[in-house]
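Asker: My structure is stored as work04.cif, with mmCIF, C-alpha atoms.
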```
data_run
#
loop_
_atom_site.label_atom_id
_atom_site.label_comp_id
_atom_site.auth_asym_id
_atom_site.auth_seq_id
_atom_site.Cartn_x
_atom_site.Cartn_y
_atom_site.Cartn_z
CA MET A 23 -42.72 -0.90 77.63
CA PRO A 24 -41.68 2.77 77.24
CA ARG A 25 -38.26 3.82 78.48
CA SER A 26 -38.07 6.57 81.04
CA SER A 27 -35.35 9.09 81.75
CA THR A 28 -34.40 10.77 84.96
CA ALA A 29 -32.66 14.10 85.16
CA THR A 30 -30.86 15.31 88.26
CA ASN A 31 -30.08 18.87 89.18
CA TRP A 32 -26.55 18.26 90.40
CA SER A 33 -26.16 21.56 92.24
CA ALA A 34 -29.31 20.81 94.28
CA ALA A 35 -28.36 17.15 94.70
CA ALA A 36 -24.90 18.06 95.93
CA ALA A 37 -26.46 19.87 98.86
CA ARG A 38 -28.06 16.64 100.16
CA PRO A 39 -25.76 14.77 102.50
CA GLY A 40 -25.11 11.13 101.74
CA LEU A 41 -25.71 11.32 97.98
CA PRO A 42 -22.81 9.65 96.18
CA GLN A 43 -21.07 12.01 93.80
CA ASP A 44 -18.44 9.76 92.28
CA GLY A 45 -19.21 6.96 89.87
CA LEU A 46 -22.78 7.98 89.07
CA ILE A 47 -22.02 7.48 85.41
CA GLY A 48 -19.51 4.68 85.47
CA PHE A 49 -17.14 3.11 83.05
CA GLY A 50 -19.52 0.19 82.51
CA LEU A 51 -21.63 2.60 80.47
CA LEU A 52 -19.04 5.08 79.19
CA GLY A 53 -16.66 2.35 78.06
CA ARG A 54 -19.04 1.44 75.23
CA TYR A 55 -18.66 4.85 73.57
CA GLN A 56 -16.13 7.11 71.97
CA MET A 57 -15.82 9.81 74.64
CA VAL A 58 -14.85 13.40 74.00
CA PHE A 59 -13.95 15.27 77.17
CA ASP A 60 -14.11 18.95 76.28
CA GLU A 61 -13.55 20.43 79.71
CA PRO A 62 -12.42 23.80 78.29
CA GLY A 63 -15.78 23.94 76.45
CA GLY A 64 -17.74 22.48 79.36
CA GLU A 65 -18.99 19.39 77.51
CA LEU A 66 -18.72 15.61 77.46
CA ARG A 67 -19.75 14.20 74.08
CA LEU A 68 -20.46 10.52 73.47
CA TYR A 69 -20.43 8.80 70.09
CA PRO A 70 -21.25 5.17 69.33
CA SER A 71 -18.08 3.16 69.12
CA SER A 72 -18.92 2.49 65.47
CA ALA A 73 -19.24 6.20 64.56
CA PRO A 74 -16.80 6.95 61.72
CA SER A 75 -14.46 9.93 61.85
CA ALA A 76 -15.41 11.10 65.36
CA PHE A 77 -11.78 11.14 66.48
CA LYS A 78 -10.56 12.94 63.38
CA ARG A 79 -13.33 15.53 63.63
CA GLU A 80 -13.08 16.08 67.38
CA CYS A 81 -9.36 15.69 68.08
CA GLY A 82 -7.69 16.13 64.69
CA SER A 83 -6.25 12.62 64.39
CA GLU A 84 -7.16 8.95 64.54
CA GLY A 85 -5.22 8.70 67.79
CA GLY A 86 -2.68 6.39 69.31
CA ALA A 87 -2.64 3.33 71.53
CA LEU A 88 -4.87 3.02 74.58
CA ARG A 89 -5.10 -0.20 76.60
CA MET A 90 -7.50 -1.36 79.26
CA GLU A 91 -5.52 -2.81 82.15
CA ARG A 92 -7.19 -3.94 85.36
CA GLY A 93 -10.11 -1.62 84.72
CA VAL A 94 -8.16 1.55 83.87
CA MET A 95 -7.23 3.20 80.57
CA VAL A 96 -3.44 3.26 80.07
CA SER A 97 -1.12 4.75 77.44
CA GLU A 98 2.62 5.01 77.06
CA VAL A 99 4.21 8.45 76.98
CA GLN A 100 7.68 9.45 75.89
CA ILE A 101 9.66 11.98 77.84
CA GLY A 102 13.26 13.11 77.56
CA HIS A 103 14.22 10.39 80.06
CA GLY A 104 12.48 7.35 78.52
CA ALA A 105 8.92 6.04 78.61
CA PHE A 106 6.20 6.16 81.28
CA ARG A 107 2.87 4.41 81.61
CA VAL A 108 0.03 6.84 82.34
CA GLN A 109 -3.57 6.32 83.39
CA TRP A 110 -6.27 8.54 81.88
CA ASP A 111 -8.55 9.71 84.73
CA SER A 112 -10.84 12.69 84.16
CA GLY A 113 -11.89 12.46 87.83
CA SER A 114 -8.40 12.80 89.29
CA ALA A 115 -7.95 16.17 90.99
CA GLN A 116 -4.28 16.39 89.92
CA ASP A 117 -1.77 15.13 87.41
CA VAL A 118 0.43 12.96 89.63
CA LEU A 119 3.68 11.07 89.14
CA ARG A 120 5.12 8.37 91.38
CA PRO A 121 8.50 9.44 92.76
CA SER A 122 9.82 5.93 92.03
CA ALA A 123 9.12 6.51 88.31
CA VAL A 124 11.83 9.16 88.12
CA ALA A 125 14.24 7.86 90.76
CA GLY A 126 17.53 7.18 89.03
CA ARG A 127 16.45 9.06 85.89
CA ILE A 128 16.47 12.60 87.28
CA LYS A 129 19.03 13.91 89.75
CA ASP A 130 17.61 14.61 93.22
CA ALA A 131 14.12 13.58 92.13
CA ASP A 132 13.36 12.48 95.70
CA LEU A 133 13.62 16.13 96.79
CA LEU A 134 11.08 17.43 94.29
CA ARG A 135 7.40 18.16 94.87
CA ARG A 136 6.60 19.11 91.26
CA LEU A 137 8.27 18.16 88.02
CA THR A 138 7.78 19.58 84.53
CA PHE A 139 8.69 17.61 81.41
CA GLN A 140 9.40 19.76 78.38
CA ARG A 141 9.10 16.72 76.14
CA PHE A 142 5.89 14.82 76.81
CA ASP A 143 4.56 12.85 73.84
CA VAL A 144 1.29 10.96 74.35
CA ALA A 145 0.04 8.51 71.73
CA GLY A 146 2.52 9.96 69.26
CA GLN A 147 1.33 13.53 69.84
CA PRO A 148 3.46 16.20 71.54
CA ALA A 149 1.78 17.56 74.69
CA GLY A 150 4.64 19.20 76.59
CA PRO A 151 5.42 20.91 78.72
CA GLN A 152 3.53 18.83 81.29
CA THR A 153 3.77 19.37 85.05
CA PHE A 154 3.13 16.70 87.67
CA THR A 155 2.87 16.65 91.43
CA LEU A 156 5.16 13.93 92.78
CA ARG A 157 3.43 11.66 95.30
CA GLN A 158 2.38 8.08 95.84
CA PHE A 159 -1.10 7.10 94.66
CA ALA A 160 -3.27 4.01 94.55
CA ALA A 161 -3.71 3.49 90.77
CA PRO A 162 -2.52 0.07 89.66
CA ASP A 163 0.82 -0.41 87.94
CA VAL A 164 1.18 2.98 86.24
CA ASP A 165 3.81 5.67 86.63
CA ALA A 166 1.51 8.68 86.40
CA VAL A 167 -2.11 9.78 86.24
CA LEU A 168 -3.31 12.39 83.77
CA GLY A 169 -6.16 14.13 85.53
CA THR A 170 -7.71 17.56 85.84
CA GLY A 171 -4.56 19.44 84.83
CA PHE A 172 -4.40 17.71 81.46
CA PHE A 173 -8.14 17.45 80.84
CA SER A 174 -8.73 21.14 81.68
CA THR A 175 -6.32 22.29 78.97
CA HIS A 176 -7.06 19.77 76.20
CA VAL A 177 -9.98 18.23 74.37
CA VAL A 178 -9.41 14.52 75.02
CA CYS A 179 -10.87 11.71 72.89
CA LEU A 180 -10.96 8.22 74.41
CA ASP A 181 -12.24 5.06 72.74
CA PRO A 182 -11.53 2.10 75.02
CA SER A 183 -13.41 -0.40 72.87
CA ARG A 184 -11.08 0.29 69.93
CA GLY A 185 -8.00 1.07 72.04
CA ARG A 186 -7.47 4.66 70.88
CA VAL A 187 -6.72 8.03 72.46
CA ALA A 188 -6.18 11.46 70.92
CA PHE A 189 -6.29 15.08 72.05
CA ARG A 190 -5.93 18.63 70.85
#
```
Take the structure I supplied and represent it as structure tokens, if you would.
Answerer:
Amino acid sequence: MPRSSTATNWSAAAARPGLPQDGLIGFGLLGRYQMVFDEPGGELRLYPSSAPSAFKRECGSEGGALRMERGVMVSEVQIGHGAFRVQWDSGSAQDVLRPSAVAGRIKDADLLRRLTFQRFDVAGQPAGPQTFTLRQFAAPDVDAVLGTGFFSTHVVCLDPSRGRVAFR
């Protein structure tokens, strides 16, 4: 039986009320690939998980640790005040940090709305300075979410099947 493909004009589809716009291409599919989010270049590139050298070619390194935890991609980052656990979420509108993650580490953190870390090392790669909005959020058991702010300024390579992340 021949396979068929369907293309959707998203700008026209967005005008129709009731059409879901989140999760149309879900992690059940994307999680099987090496993903390259090139938001500055306006592209999402997918490579088979077995493709050799995709990370090195696309992001300049073989990457660091990425774990799947309760359905989300998580990495550890180092800042000047210790380590944080961050979720990678290209769909998040902001880079957010839980206020409780910095309480006791940074003076008067409870009074801040935004916080910039000069040192921010992700998967062994320096990425600072990195600014976060401080607020509570629903993501499970992480300190921060790297969202649009990070993805819009970096090319991000994610390979959940091999547990790797890199960026440039």
Asker: Give me the residues near Arg79 of chain A as a ChimeraX atom specification, where near means some atom within 12 Å (using all atoms listed in the file) and where sequence neighbours in that chain fewer than 2 positions away do not count.
Answerer: /A:58,69,73-77,81-85,177,179,188-190
Asker: For atom CA of Arg107 of chain A and atom CA of Val167 of chain A, determine how far apart the two atoms are, in Å to one decimal place.
Answerer: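 Atom CA of Val167 of chain A lies at a distance of 8.7 Å from atom CA of Arg107 of chain A.
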Asker: Could you check the closest approach to Arg120 of chain A for each of A:Lys78, A:Arg157, A:His176, A:Arg136 and tell me which residue wins, using all atoms listed in the file?
Answerer: A:Arg157
Asker: Where does the PyMOL selection byres ((chain A and resi 88) around 12) land in this file, that is, which residues does it pick, as a PyMOL selection string?
Answerer: chain A and resi 84-87+89-91+94-99+107-110+144-146+179-188
Asker: Which residue out of A:Val118, A:Ala123, A:Ala161, A:Ile101 has the minimum interatomic distance to Gln140 of chain A when all atoms listed in the file are used?
Answerer: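 Smallest separation from Gln140 of chain A among the options: A:Ile101.
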Asker: To one decimal in Å, tell me the separation between atom CA of Asp165 of chain A and atom CA of Phe49 of chain A.
Answerer: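 Between atom CA of Asp165 of chain A and atom CA of Phe49 of chain A the gap is 21.4 Å.
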Asker: With distances taken over all atoms listed in the file, which of A:Leu119, A:Gln147, A:Gly63, A:Tyr55 is nearest to Thr175 of chain A?
Answerer: A:Gly63
Asker: Can you work out the spacing between atom CA of Thr155 of chain A and atom CA of Gly50 of chain A in Å, to one decimal?
Answerer: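 So the two atoms, atom CA of Thr155 of chain A and atom CA of Gly50 of chain A, lie 29.2 Å apart.
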Asker: Could you tell me, as a count of residues only, exactly which residues end up selected when the PyMOL selection byres ((chain A and resi 171) around 10) is applied to this structure?
Answerer: 17
